[in-house]
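Here's my_file.cif, which has mmCIF, C-alpha atoms:
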```cif
data_entry
#
loop_
_atom_site.label_atom_id
_atom_site.label_comp_id
_atom_site.auth_asym_id
_atom_site.auth_seq_id
_atom_site.Cartn_x
_atom_site.Cartn_y
_atom_site.Cartn_z
CA MET A 277 -5.92 30.59 -19.46
CA GLN A 278 -2.38 31.66 -20.20
CA GLN A 279 -1.64 31.59 -16.52
CA ILE A 280 -2.94 28.06 -16.11
CA ILE A 281 -0.75 26.84 -18.96
CA ASN A 282 2.22 28.65 -17.46
CA PHE A 283 1.50 27.06 -14.11
CA VAL A 284 1.41 23.60 -15.65
CA ILE A 285 4.67 24.16 -17.53
CA ARG A 286 6.41 25.59 -14.48
CA ASN A 287 5.32 22.74 -12.21
CA LYS A 288 5.38 19.91 -14.72
CA THR A 289 7.81 17.81 -12.69
CA PHE A 290 5.75 18.14 -9.55
CA LEU A 291 2.51 17.37 -11.40
CA LEU A 292 4.09 14.31 -13.03
CA PHE A 293 5.30 13.18 -9.61
CA LEU A 294 1.80 13.61 -8.18
CA LEU A 295 0.29 11.66 -11.08
CA LEU A 296 2.74 8.75 -10.83
CA PHE A 297 2.58 8.64 -7.04
CA GLY A 298 -1.22 8.73 -7.28
CA ILE A 299 -1.25 5.77 -9.65
CA SER A 300 1.05 3.70 -7.45
CA PHE A 301 -0.89 4.66 -4.34
CA ALA A 302 -4.15 3.61 -6.00
CA LEU A 303 -2.59 0.27 -6.96
CA THR A 304 -1.41 -0.16 -3.37
CA ILE A 305 -4.86 0.55 -1.94
CA GLN A 306 -6.37 -1.83 -4.45
CA SER A 307 -3.95 -4.56 -3.44
CA HIS A 308 -4.98 -4.16 0.18
CA SER A 309 -8.58 -5.02 -0.55
CA PHE A 310 -9.41 -8.66 -1.08
CA HIS A 311 -9.38 -10.03 -4.66
CA ARG A 312 -9.15 -6.58 -6.18
CA SER A 313 -5.60 -6.18 -7.45
CA LYS A 314 -6.46 -6.88 -11.07
CA PHE A 315 -3.46 -5.57 -12.95
CA ILE A 316 -0.37 -6.05 -10.83
CA ASN A 317 0.05 -9.72 -10.07
CA SER A 318 2.67 -12.27 -11.01
CA ALA A 319 0.24 -14.65 -12.75
CA ASN A 320 0.93 -13.28 -16.19
CA PHE A 321 2.76 -14.40 -19.28
CA LEU A 322 5.95 -12.40 -18.65
CA THR A 323 6.57 -12.87 -14.93
CA GLY A 324 5.27 -16.43 -14.96
CA GLY A 325 7.60 -17.32 -17.81
CA ILE A 326 10.63 -15.84 -16.06
CA TYR A 327 9.82 -17.57 -12.79
CA LYS A 328 9.34 -20.82 -14.71
CA ASN A 329 12.85 -20.63 -16.15
CA ALA A 330 14.37 -19.69 -12.81
CA ASN A 331 12.51 -22.55 -11.13
CA SER A 332 13.71 -25.11 -13.68
CA ILE A 333 17.21 -24.46 -12.31
CA GLY A 334 16.36 -24.15 -8.63
CA GLN A 335 14.04 -27.13 -8.34
CA TYR A 336 16.87 -29.67 -8.35
CA PHE A 337 18.15 -28.45 -5.02
CA ASN A 338 14.96 -29.54 -3.26
CA LEU A 339 14.63 -33.01 -4.78
CA LYS A 340 15.85 -34.83 -1.66
CA GLU A 341 13.41 -33.00 0.60
CA GLU A 342 10.55 -33.53 -1.88
CA ASN A 343 11.25 -37.25 -2.06
CA LYS A 344 11.15 -37.51 1.71
CA ILE A 345 7.77 -35.78 1.83
CA LEU A 346 6.38 -38.06 -0.89
CA ILE A 347 7.55 -41.20 0.88
CA GLU A 348 6.02 -40.04 4.16
CA GLU A 349 2.73 -39.39 2.40
CA ASN A 350 2.82 -42.77 0.66
CA LEU A 351 3.43 -44.47 3.99
CA LYS A 352 0.40 -42.76 5.46
CA LEU A 353 -1.81 -43.72 2.53
CA LYS A 354 -0.57 -47.31 2.50
CA SER A 355 -1.29 -47.72 6.19
CA LEU A 356 -4.77 -46.33 5.56
CA ILE A 357 -5.44 -48.87 2.79
CA TYR A 358 -4.19 -51.95 4.63
CA ASN A 359 -5.76 -51.08 7.93
CA VAL A 360 -9.30 -50.89 6.56
CA ASN A 361 -11.30 -53.67 8.16
CA GLU A 362 -13.94 -54.15 5.50
CA THR A 363 -13.34 -56.84 2.94
CA PRO A 364 -12.77 -55.50 -0.55
CA SER A 365 -16.06 -56.99 -1.80
CA GLU A 366 -17.99 -54.46 0.23
CA LEU A 367 -16.20 -51.65 -1.54
CA ILE A 368 -17.57 -52.31 -4.99
CA ILE A 369 -18.65 -48.71 -5.44
CA ASP A 370 -15.53 -47.00 -6.66
CA SER A 371 -15.06 -44.26 -4.14
CA SER A 372 -12.79 -42.32 -6.47
CA THR A 373 -15.65 -41.52 -8.83
CA TYR A 374 -18.83 -42.01 -6.80
CA ASN A 375 -20.36 -38.94 -5.20
CA GLN A 376 -17.15 -36.99 -5.41
CA HIS A 377 -17.23 -33.48 -3.99
CA PHE A 378 -13.58 -32.56 -4.25
CA ASN A 379 -11.22 -32.76 -7.22
CA PHE A 380 -7.48 -32.66 -6.64
CA LYS A 381 -4.80 -31.36 -8.98
CA SER A 382 -1.07 -31.07 -8.42
CA ALA A 383 1.07 -28.00 -9.08
CA ILE A 384 4.64 -26.81 -8.66
CA VAL A 385 5.48 -23.66 -6.71
CA TYR A 386 7.36 -21.19 -8.92
CA LYS A 387 7.68 -18.34 -6.49
CA ASN A 388 7.20 -18.42 -2.75
CA SER A 389 7.43 -15.34 -0.55
CA TYR A 390 7.10 -15.06 3.20
CA ALA A 391 9.06 -11.96 4.16
CA SER A 392 6.45 -9.26 3.54
CA ALA A 393 3.13 -8.64 5.24
CA ASN A 394 1.11 -9.77 2.23
CA ASN A 395 2.62 -12.88 0.75
CA TYR A 396 1.65 -14.52 -2.49
CA ILE A 397 2.79 -17.77 -4.08
CA THR A 398 2.95 -18.28 -7.85
CA ILE A 399 2.19 -21.79 -9.18
CA ASN A 400 2.38 -23.39 -12.61
CA LYS A 401 -1.30 -24.22 -13.18
CA GLY A 402 -3.87 -21.80 -14.55
CA LEU A 403 -7.17 -21.46 -16.40
CA LYS A 404 -6.04 -24.05 -18.96
CA ASP A 405 -5.90 -26.67 -16.21
CA GLY A 406 -9.29 -25.65 -14.86
CA ILE A 407 -7.97 -23.63 -11.93
CA LYS A 408 -10.20 -20.77 -10.82
CA GLN A 409 -10.32 -18.20 -8.07
CA ASP A 410 -11.14 -19.47 -4.55
CA TYR A 411 -9.84 -23.00 -4.98
CA GLY A 412 -7.96 -24.26 -1.94
CA VAL A 413 -4.24 -25.07 -1.99
CA ILE A 414 -2.67 -27.62 0.39
CA THR A 415 0.38 -29.84 0.76
CA SER A 416 0.41 -33.31 2.27
CA LYS A 417 1.21 -31.71 5.64
CA GLY A 418 -1.38 -28.95 5.79
CA ILE A 419 -2.94 -25.90 4.21
CA VAL A 420 -1.09 -23.36 2.09
CA GLY A 421 -3.64 -20.82 0.89
CA ILE A 422 -6.37 -19.91 -1.57
CA ILE A 423 -6.11 -19.23 -5.33
CA ASP A 424 -6.29 -15.49 -5.90
CA HIS A 425 -5.65 -14.72 -9.57
CA THR A 426 -5.34 -16.94 -12.60
CA SER A 427 -3.97 -16.45 -16.08
CA ASN A 428 -3.92 -19.09 -18.79
CA ASN A 429 -0.86 -20.92 -17.51
CA TYR A 430 -0.21 -19.57 -14.02
CA ALA A 431 -2.02 -18.68 -10.83
CA THR A 432 -1.20 -16.72 -7.70
CA VAL A 433 -2.08 -18.11 -4.29
CA LEU A 434 -3.03 -15.93 -1.34
CA SER A 435 -0.80 -17.57 1.25
CA VAL A 436 -1.99 -18.18 4.84
CA LEU A 437 0.95 -15.90 5.67
CA ASN A 438 -0.98 -12.89 4.36
CA THR A 439 -2.66 -10.36 6.61
CA LYS A 440 -5.67 -10.40 4.25
CA SER A 441 -6.16 -14.15 4.51
CA ARG A 442 -9.27 -15.41 6.38
CA ILE A 443 -9.82 -19.15 6.57
CA ASN A 444 -12.50 -21.02 8.47
CA ALA A 445 -10.91 -23.39 10.99
CA GLN A 446 -11.90 -25.40 14.04
CA LEU A 447 -10.59 -27.54 16.88
CA LYS A 448 -10.17 -31.17 15.89
CA LYS A 449 -11.77 -32.56 19.04
CA SER A 450 -14.79 -30.28 19.17
CA ASN A 451 -16.71 -28.25 16.63
CA HIS A 452 -15.82 -24.80 17.92
CA ILE A 453 -14.95 -22.71 14.91
CA GLY A 454 -12.83 -19.61 14.43
CA SER A 455 -11.28 -17.49 11.77
CA LEU A 456 -7.66 -18.10 10.79
CA LYS A 457 -5.63 -14.91 10.35
CA TRP A 458 -1.97 -13.90 10.34
CA ASN A 459 -0.53 -10.98 12.28
CA GLY A 460 2.59 -10.72 10.15
CA ASN A 461 5.14 -11.52 12.83
CA SER A 462 6.38 -15.08 12.42
CA THR A 463 6.33 -17.46 9.47
CA LYS A 464 5.66 -20.37 11.82
CA LEU A 465 2.71 -18.94 13.75
CA VAL A 466 -0.80 -18.04 12.59
CA GLN A 467 -3.69 -16.87 14.76
CA LEU A 468 -7.12 -18.40 15.19
CA THR A 469 -9.49 -15.69 16.38
CA ASP A 470 -13.12 -15.53 17.51
CA VAL A 471 -13.13 -18.96 19.14
CA SER A 472 -15.84 -19.20 21.78
CA LYS A 473 -14.51 -19.14 25.34
CA PHE A 474 -16.46 -22.33 26.06
CA ALA A 475 -14.19 -24.23 23.69
CA PRO A 476 -11.95 -26.78 25.47
CA VAL A 477 -8.60 -25.42 24.23
CA ASN A 478 -5.36 -26.96 25.41
CA ILE A 479 -1.75 -26.48 24.39
CA ALA A 480 -0.77 -28.94 21.61
CA ASP A 481 -4.37 -29.49 20.44
CA THR A 482 -4.70 -30.01 16.71
CA ILE A 483 -6.46 -27.38 14.58
CA VAL A 484 -8.07 -28.42 11.27
CA THR A 485 -10.06 -26.65 8.57
CA GLY A 486 -13.69 -26.16 9.44
CA GLY A 487 -15.52 -27.15 6.27
CA GLN A 488 -17.97 -24.29 6.66
CA SER A 489 -16.48 -22.45 3.73
CA THR A 490 -16.81 -23.81 0.22
CA ILE A 491 -13.04 -23.76 -0.27
CA PHE A 492 -11.53 -26.49 1.91
CA PRO A 493 -13.04 -29.84 2.86
CA LYS A 494 -13.42 -30.42 6.59
CA GLY A 495 -10.47 -31.82 8.50
CA ILE A 496 -7.39 -30.70 6.59
CA PRO A 497 -4.65 -30.26 9.19
CA ILE A 498 -3.42 -26.75 9.92
CA GLY A 499 -1.25 -26.88 13.04
CA ILE A 500 -1.14 -27.30 16.80
CA VAL A 501 -2.04 -24.84 19.54
CA GLU A 502 1.11 -23.10 20.72
CA ASP A 503 -0.42 -20.55 23.06
CA PHE A 504 -3.85 -19.08 23.73
CA ALA A 505 -5.30 -16.08 25.52
CA ILE A 506 -8.73 -14.59 26.16
CA ASP A 507 -9.49 -11.44 24.13
CA ILE A 508 -9.88 -8.01 25.70
CA SER A 509 -13.62 -8.36 25.22
CA GLY A 510 -13.51 -11.51 27.38
CA ASP A 511 -15.79 -13.62 25.18
CA THR A 512 -13.42 -15.19 22.73
CA TYR A 513 -10.03 -16.88 22.58
CA THR A 514 -7.20 -15.84 20.30
CA ILE A 515 -5.06 -18.90 19.69
CA ASP A 516 -1.50 -18.96 18.35
CA ILE A 517 -1.11 -21.93 16.05
CA GLU A 518 2.16 -23.48 15.02
CA LEU A 519 1.76 -24.54 11.38
CA PHE A 520 2.47 -28.13 10.32
CA ASN A 521 3.69 -26.78 7.00
CA ASP A 522 7.07 -25.17 6.68
CA MET A 523 5.84 -22.22 4.62
CA THR A 524 9.41 -21.21 3.80
CA ASN A 525 9.99 -24.44 1.91
CA LEU A 526 7.22 -25.36 -0.53
CA GLY A 527 7.80 -27.52 -3.58
CA HIS A 528 4.76 -29.42 -4.78
CA VAL A 529 1.23 -28.46 -3.76
CA TYR A 530 -2.27 -29.83 -4.34
CA ILE A 531 -5.18 -27.73 -5.53
CA ILE A 532 -8.67 -28.62 -4.28
CA GLU A 533 -11.76 -27.93 -6.32
CA ASN A 534 -15.08 -28.16 -4.54
CA THR A 535 -17.55 -29.27 -7.21
CA ASN A 536 -20.47 -28.25 -5.02
CA ALA A 537 -19.19 -24.75 -4.39
CA GLU A 538 -21.47 -23.07 -6.94
CA GLU A 539 -24.56 -24.80 -5.59
CA ILE A 540 -23.77 -23.97 -1.96
CA LYS A 541 -22.96 -20.36 -2.79
CA SER A 542 -26.16 -19.81 -4.78
CA LEU A 543 -28.14 -21.35 -1.93
CA GLN A 544 -26.45 -19.03 0.59
CA ASN A 545 -27.11 -16.04 -1.65
CA LEU A 546 -30.81 -16.94 -1.65
CA VAL A 547 -30.82 -16.86 2.15
CA ASP A 548 -28.99 -13.52 2.21
CA GLU A 549 -31.62 -11.96 -0.02
CA MET B 286 20.69 4.78 -29.41
CA ASN B 287 24.08 5.80 -28.12
CA ASN B 288 26.24 3.94 -25.67
CA SER B 289 24.82 5.38 -22.47
CA THR B 290 21.23 4.56 -23.48
CA VAL B 291 22.16 0.93 -24.01
CA THR B 292 23.92 0.85 -20.62
CA THR B 293 20.88 2.36 -18.92
CA VAL B 294 18.48 -0.16 -20.49
CA LEU B 295 20.75 -3.06 -19.56
CA GLN B 296 21.08 -1.74 -16.01
CA PHE B 297 17.30 -1.41 -15.76
CA VAL B 298 16.55 -4.99 -16.85
CA ALA B 299 19.48 -6.54 -14.98
CA LEU B 300 18.64 -4.82 -11.68
CA ILE B 301 14.96 -5.90 -11.82
CA LEU B 302 15.92 -9.50 -12.58
CA ILE B 303 18.59 -9.63 -9.86
CA GLN B 304 16.12 -8.14 -7.40
CA VAL B 305 13.22 -10.50 -8.05
CA LEU B 306 15.14 -13.70 -8.74
CA VAL B 307 17.91 -13.50 -6.15
CA LEU B 308 17.60 -10.73 -3.58
CA ASN B 309 13.89 -11.18 -2.80
CA HIS B 310 14.66 -14.72 -1.65
CA ILE B 311 17.51 -13.96 0.73
CA ASN B 312 15.22 -13.44 3.77
CA PHE B 313 18.08 -12.85 6.19
CA PHE B 314 16.86 -13.42 9.80
CA GLY B 315 13.43 -14.32 8.44
CA ASN B 316 12.39 -11.15 6.68
CA ILE B 317 15.30 -8.85 5.84
CA ASN B 318 15.93 -8.35 2.14
CA PRO B 319 18.18 -5.83 0.38
CA TYR B 320 16.54 -3.67 -2.28
CA LEU B 321 19.48 -3.23 -4.61
CA TYR B 322 17.36 -2.10 -7.58
CA ILE B 323 17.17 1.49 -6.26
CA LEU B 324 20.84 1.76 -7.28
CA PHE B 325 19.42 2.56 -10.74
CA ILE B 326 17.83 5.74 -9.39
CA LEU B 327 20.81 6.54 -7.17
CA VAL B 328 23.43 6.55 -9.93
CA PHE B 329 21.21 7.76 -12.79
CA PRO B 330 23.17 10.43 -14.75
CA ILE B 331 22.48 13.78 -13.18
CA ARG B 332 22.34 15.97 -16.23
CA ASN B 333 19.37 14.12 -17.70
CA ASN B 334 16.01 15.80 -17.28
CA ARG B 335 13.79 15.07 -14.33
CA THR B 336 10.74 13.94 -16.31
CA LEU B 337 12.70 11.00 -17.69
CA ILE B 338 13.98 9.81 -14.32
CA LEU B 339 10.50 10.09 -12.79
CA LEU B 340 8.98 7.96 -15.55
CA LEU B 341 11.84 5.44 -15.48
CA SER B 342 11.74 5.03 -11.72
CA PHE B 343 7.98 4.50 -11.88
CA LEU B 344 8.47 1.72 -14.44
CA LEU B 345 11.31 0.25 -12.37
CA GLY B 346 9.20 0.10 -9.24
CA LEU B 347 6.21 -1.25 -11.13
CA GLY B 348 8.40 -3.96 -12.63
CA VAL B 349 9.49 -5.14 -9.21
CA ASP B 350 5.89 -4.91 -7.95
CA LEU B 351 4.69 -7.04 -10.83
CA PHE B 352 7.01 -9.85 -9.80
CA SER B 353 6.46 -9.63 -6.07
CA ASP B 354 2.63 -9.16 -6.06
CA SER B 355 2.85 -6.06 -3.91
CA GLY B 356 0.43 -3.67 -5.62
CA GLY B 357 2.25 -0.39 -6.16
CA VAL B 358 4.42 -0.01 -3.07
CA ASN B 359 7.78 -0.19 -4.83
CA ALA B 360 6.59 2.19 -7.56
CA ALA B 361 5.40 4.76 -5.01
CA ALA B 362 8.67 4.63 -3.06
CA CYS B 363 10.77 4.86 -6.23
CA VAL B 364 8.85 7.82 -7.64
CA THR B 365 9.24 9.67 -4.34
CA ILE B 366 13.01 9.26 -4.10
CA ALA B 367 13.36 10.14 -7.79
CA TYR B 368 11.44 13.36 -7.14
CA ILE B 369 13.41 14.43 -4.05
CA ARG B 370 16.76 13.35 -5.50
CA PRO B 371 17.97 16.89 -6.44
CA ILE B 372 17.40 18.10 -2.87
CA ILE B 373 19.32 15.20 -1.37
CA LEU B 374 22.08 15.61 -3.96
CA LYS B 375 22.46 19.26 -3.06
CA PHE B 376 22.51 18.37 0.64
CA SER B 377 25.11 15.63 0.38
CA PHE B 378 27.43 16.95 -2.32
CA GLY B 379 27.06 20.70 -1.76
CA MET B 380 28.85 23.00 -4.20
CA ILE B 381 29.92 20.33 -6.71
CA TYR B 382 26.29 19.59 -7.45
CA GLU B 383 25.51 23.27 -7.97
CA HIS B 384 27.98 23.42 -10.83
CA GLN B 385 26.49 20.31 -12.42
CA THR B 386 29.91 18.76 -12.93
CA ILE B 387 29.36 15.87 -10.60
CA LYS B 388 30.23 12.34 -11.61
CA PHE B 389 29.58 9.56 -9.12
CA ASP B 390 32.85 7.82 -9.86
CA ASN B 391 34.83 10.89 -8.77
CA THR B 392 33.01 11.75 -5.55
CA GLU B 393 34.25 11.25 -2.04
CA LEU B 394 33.15 8.01 -0.43
CA SER B 395 31.83 9.82 2.64
CA ASN B 396 29.59 12.09 0.54
CA ARG B 397 28.35 9.15 -1.42
CA LEU B 398 27.60 7.25 1.81
CA ILE B 399 25.48 10.14 3.12
CA TYR B 400 23.61 10.37 -0.18
CA PHE B 401 22.95 6.61 -0.36
CA THR B 402 21.90 6.50 3.29
CA ILE B 403 19.32 9.27 3.07
CA MET B 404 17.84 8.02 -0.20
CA THR B 405 17.69 4.39 0.95
CA PHE B 406 16.16 5.26 4.28
CA ILE B 407 13.39 7.36 2.70
CA HIS B 408 12.71 4.68 0.10
CA HIS B 409 12.46 1.91 2.66
CA LEU B 410 10.32 3.95 5.03
CA ILE B 411 7.74 4.62 2.31
CA LEU B 412 8.00 1.05 1.02
CA PHE B 413 7.32 -0.62 4.37
CA SER B 414 4.73 1.94 5.52
CA LEU B 415 2.68 1.28 2.39
CA GLU B 416 3.27 -2.46 2.47
CA ILE B 417 2.25 -2.98 6.09
CA PHE B 418 -0.26 -0.10 5.97
CA ASN B 419 -1.12 -0.21 9.62
CA ILE B 420 -0.18 2.60 11.99
CA SER B 421 -0.38 0.30 15.01
CA LYS B 422 2.59 -1.65 13.63
CA LEU B 423 4.89 1.38 13.57
CA ILE B 424 7.61 -0.48 15.45
CA LEU B 425 7.64 -3.28 12.87
CA ILE B 426 7.83 -0.71 10.05
CA LEU B 427 10.78 1.13 11.64
CA GLN B 428 12.53 -2.11 12.49
CA LYS B 429 12.22 -3.46 8.96
CA THR B 430 13.27 -0.08 7.55
CA LEU B 431 16.39 0.06 9.70
CA PHE B 432 17.64 -3.48 9.10
CA SER B 433 16.85 -3.56 5.40
CA SER B 434 18.44 -0.12 4.96
CA ILE B 435 21.74 -1.29 6.42
CA PHE B 436 21.71 -4.29 4.12
CA THR B 437 20.78 -2.20 1.05
CA ILE B 438 23.33 0.57 1.70
CA LEU B 439 26.16 -1.92 2.16
CA LEU B 440 25.25 -3.75 -1.04
CA CYS B 441 24.77 -0.51 -3.03
CA LEU B 442 28.16 0.82 -1.91
CA LEU B 443 29.91 -2.45 -2.73
CA ILE B 444 28.33 -2.71 -6.17
CA SER B 445 28.96 0.96 -6.99
CA ILE B 446 32.63 0.65 -5.97
CA LEU B 447 32.99 -2.61 -7.84
CA PHE B 448 31.59 -1.20 -11.08
CA SER B 449 33.11 2.26 -10.77
CA LYS B 450 34.91 3.35 -13.92
CA LYS B 451 37.58 5.28 -12.05
CA ARG B 452 41.09 4.21 -12.94
CA ARG B 453 43.63 4.46 -10.18
#
```
Structure translated into structure tokens:
Amino acid sequence: MQQIINFVIRNKTFLLFLLLFGISFALTIQSHSFHRSKFINSANFLTGGIYKNANSIGQYFNLKEENKILIEENLKLKSLIYNVNETPSELIIDSSTYNQHFNFKSAIVYKNSYASANNYITINKGLKDGIKQDYGVITSKGIVGIIDHTSNNYATVLSVLNTKSRINAQLKKSNHIGSLKWNGNSTKLVQLTDVSKFAPVNIADTIVTGGQSTIFPKGIPIGIVEDFAIDISGDTYTIDIELFNDMTNLGHVYIIENTNAEEIKSLQNLVDE
Amino acid sequence: MNNSTVTTVLQFVALILIQVLVLNHINFFGNINPYLYILFILVFPIRNNRTLILLLSFLLGLGVDLFSDSGGVNAAACVTIAYIRPIILKFSFGMIYEHQTIKFDNTELSNRLIYFTIMTFIHHLILFSLEIFNISKLILILQKTLFSSIFTILLCLLISILFSKKRR
């Protein structure tokens, strides 16, 4: 017993090092598995508050760019409204409340990162605003990511520029689906994998979300095909997609809530059992 | 609470804030960022005991991790360089370190450069290995380590010269 105590005292620095390194290593491993990093994320009172203050200074520098994006979006929406052929009398059912599957909320990006292999974005909406895990996040140009963690006032978003991210996507012109991943190399390019080799892929084709997951509605733009190649296995395409979004410059984002998500998930769970 | 404790605490908070609010958003050439906050471990007073520096560097790394959503990669890298610091010190400063009379403000620039370089390189190697966590991307890890190290060492040297208390 004496010897054990002596051993501990003699090697106390090394043992402390092992303990601390073990803790950080465990946190690292945890962060590499999906939705598991419970303790270390920037959606908390302290870090969120600091980012909020920093953002209140920095946000003015992007106002011009933000205005341009808003005007472009308004133009698109206006042209949609005035180009509808039906007379207004046929549209008595208010489409904004009738049979609505998706709720939209706006949020401001407090922290955006794109330099590491696993990027997260911190936004200023949280549980108080009804934001929960697995809600989709988009801008007017295209997708951004999926809500990962929420605190009362803040939430972190698993960016599409994250090697853990998997998003269901498809070709716009046909229904061939694939899984959207990121290989960590370029902030402009993401990869669509597992696309059937019978899919009619061409350079500059548009890729949109697939609507097979409960997160994004079908048809949200992602990007255009930049390059594609057949996998080593020979059965599937891996497609390089150039994102519509400039992920290095995000200001305002929209959060999508799928009100049917619970129902669809419980139904799918029934099938799995 | 004497003067040096206050300085240390201020250094600790200031370095974390500078790191997460400014330096993490530089993204030079797309993904190269300096990690200035390890300067805290580099210039930590040598005579203090090793338990303290291990605990402090763990908290320092964890603080940066908290802000950058990176799990525990910064904490792991910081704890490692804090643990091997005496060996590197002995290697780069030689006899002066043995006599425990070393003060960073009075050391030769070349010795300090060697010390900073080794520590930074080890820190970055562990940081990026854990962050990318994929042996097939070894080239990317080494590339990021190399470029970020150059950036970090330059910045650390500049800051340490700028704030050095030596009067000429």
Subject >> Hits from the PyMOL selection byres ((chain A) within 8 of (chain B)), listed as a PyMOL selection string >> reply: chain A and resi 289-290+292-293+296-297+299-308+313+316-318+323+327+330+389-396+463
**OP:** Can you pull out every residue within 10 Å of A:Lys328, counting only C-alpha atoms, but drop anything in the same chain fewer than 5 positions away, and send it as a list in words?
**Re:** Leu322, Thr323, Ile333, Gly334, Ile384, Val385, Tyr386, Lys387, Thr398, Ile399, Asn400 and Tyr430 of chain A
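The spacing separating atom CA of A:Ser489 from atom CA of A:Asn444 amounts to 6.4 Å.
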Subject >> Residues selected by the PyMOL selection byres ((chain A and resi 534) around 9), written as a VMD selection string >> reply: chain A and resid 377 to 379 411 to 412 490 to 493 532 to 533 535 to 538
Might you pull out every residue within 12 Å of A:Gln488, with all atoms listed in the file counted and same-chain residues fewer than 2 positions away left off, and present them as an mmCIF file with C-alpha atoms, in the coordinates of the input?
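The resulting part.cif:
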```cif
data_model
loop_
_atom_site.group_PDB
_atom_site.id
_atom_site.type_symbol
_atom_site.label_atom_id
_atom_site.label_comp_id
_atom_site.auth_asym_id
_atom_site.auth_seq_id
_atom_site.Cartn_x
_atom_site.Cartn_y
_atom_site.Cartn_z
ATOM 1 C CA ILE A 443 -9.820 -19.150 6.570
ATOM 2 C CA ASN A 444 -12.500 -21.020 8.470
ATOM 3 C CA ALA A 445 -10.910 -23.390 10.990
ATOM 4 C CA GLN A 446 -11.900 -25.400 14.040
ATOM 5 C CA ASN A 451 -16.710 -28.250 16.630
ATOM 6 C CA HIS A 452 -15.820 -24.800 17.920
ATOM 7 C CA ILE A 453 -14.950 -22.710 14.910
ATOM 8 C CA GLY A 454 -12.830 -19.610 14.430
ATOM 9 C CA SER A 455 -11.280 -17.490 11.770
ATOM 10 C CA VAL A 484 -8.070 -28.420 11.270
ATOM 11 C CA THR A 485 -10.060 -26.650 8.570
ATOM 12 C CA GLY A 486 -13.690 -26.160 9.440
ATOM 13 C CA THR A 490 -16.810 -23.810 0.220
ATOM 14 C CA ILE A 491 -13.040 -23.760 -0.270
ATOM 15 C CA PHE A 492 -11.530 -26.490 1.910
ATOM 16 C CA PRO A 493 -13.040 -29.840 2.860
ATOM 17 C CA LYS A 494 -13.420 -30.420 6.590
ATOM 18 C CA GLY A 495 -10.470 -31.820 8.500
ATOM 19 C CA ALA A 537 -19.190 -24.750 -4.390
ATOM 20 C CA ILE A 540 -23.770 -23.970 -1.960
ATOM 21 C CA LYS A 541 -22.960 -20.360 -2.790
ATOM 22 C CA GLN A 544 -26.450 -19.030 0.590
#
```
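Across the structure, atom CA of B:Ile438 and atom CA of B:Met404 are spaced 9.4 Å apart.
The closest residue to B:Gln304, picked from B:Ile366, B:Thr437, B:Leu447, B:Leu431 and counting all atoms listed in the file, is B:Thr437.
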Near B:Ile399, counting only C-alpha atoms, which residues have an atom at most 12 Å away, once you skip same-chain residues fewer than 5 positions from it, shown as an mmCIF file with C-alpha atoms, in the frame of the given file?
```cif
data_model
loop_
_atom_site.group_PDB
_atom_site.id
_atom_site.type_symbol
_atom_site.label_atom_id
_atom_site.label_comp_id
_atom_site.auth_asym_id
_atom_site.auth_seq_id
_atom_site.Cartn_x
_atom_site.Cartn_y
_atom_site.Cartn_z
ATOM 1 C CA LEU B 327 20.810 6.540 -7.170
ATOM 2 C CA ILE B 373 19.320 15.200 -1.370
ATOM 3 C CA LEU B 374 22.080 15.610 -3.960
ATOM 4 C CA LYS B 375 22.460 19.260 -3.060
ATOM 5 C CA PHE B 376 22.510 18.370 0.640
ATOM 6 C CA SER B 377 25.110 15.630 0.380
ATOM 7 C CA PHE B 378 27.430 16.950 -2.320
ATOM 8 C CA GLY B 379 27.060 20.700 -1.760
ATOM 9 C CA THR B 392 33.010 11.750 -5.550
ATOM 10 C CA GLU B 393 34.250 11.250 -2.040
ATOM 11 C CA LEU B 394 33.150 8.010 -0.430
ATOM 12 C CA MET B 404 17.840 8.020 -0.200
ATOM 13 C CA THR B 405 17.690 4.390 0.950
ATOM 14 C CA PHE B 406 16.160 5.260 4.280
ATOM 15 C CA ILE B 438 23.330 0.570 1.700
ATOM 16 C CA LEU B 442 28.160 0.820 -1.910
#
```
The PyMOL selection byres ((chain A and resi 470) around 6) on the file shown: which residues, as a PDB file with C-alpha atoms, in the coordinates of the input?
```pdb
ATOM      1  CA  GLY A 454     -12.830 -19.610  14.430  1.00  0.00           C
ATOM      2  CA  THR A 469      -9.490 -15.690  16.380  1.00  0.00           C
ATOM      3  CA  VAL A 471     -13.130 -18.960  19.140  1.00  0.00           C
ATOM      4  CA  THR A 512     -13.420 -15.190  22.730  1.00  0.00           C
TER       5      THR A 512
END
```
**OP:** Using all atoms listed in the file, determine which residues lie at most 12 Å from A:Asn478, disregarding the query and same-chain residues fewer than 2 positions distant; provide the list as a count of residues only.
**Re:** 20
As JSON: centre and edge lengths in Å, one decimal, of the axis-aligned box holding stretch 324-333 of chain A with 8 Å per side:
```
{"center_x": 11.2, "center_y": -20.5, "center_z": -14.5, "size_x": 27.9, "size_y": 25.3, "size_z": 22.7}
```
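Between atom CA of B:Leu308 and atom CA of A:Asn521 there is a distance of 23.7 Å.
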Original post:
Within 9 Å of (18.2, 1.5, -6.0), in the coordinates the file gives, what residues turn up when you count all atoms listed in the file, written out as a PyMOL selection string?
Top reply: chain B and resi 300+320-328+363+401+404-405+408+437+441
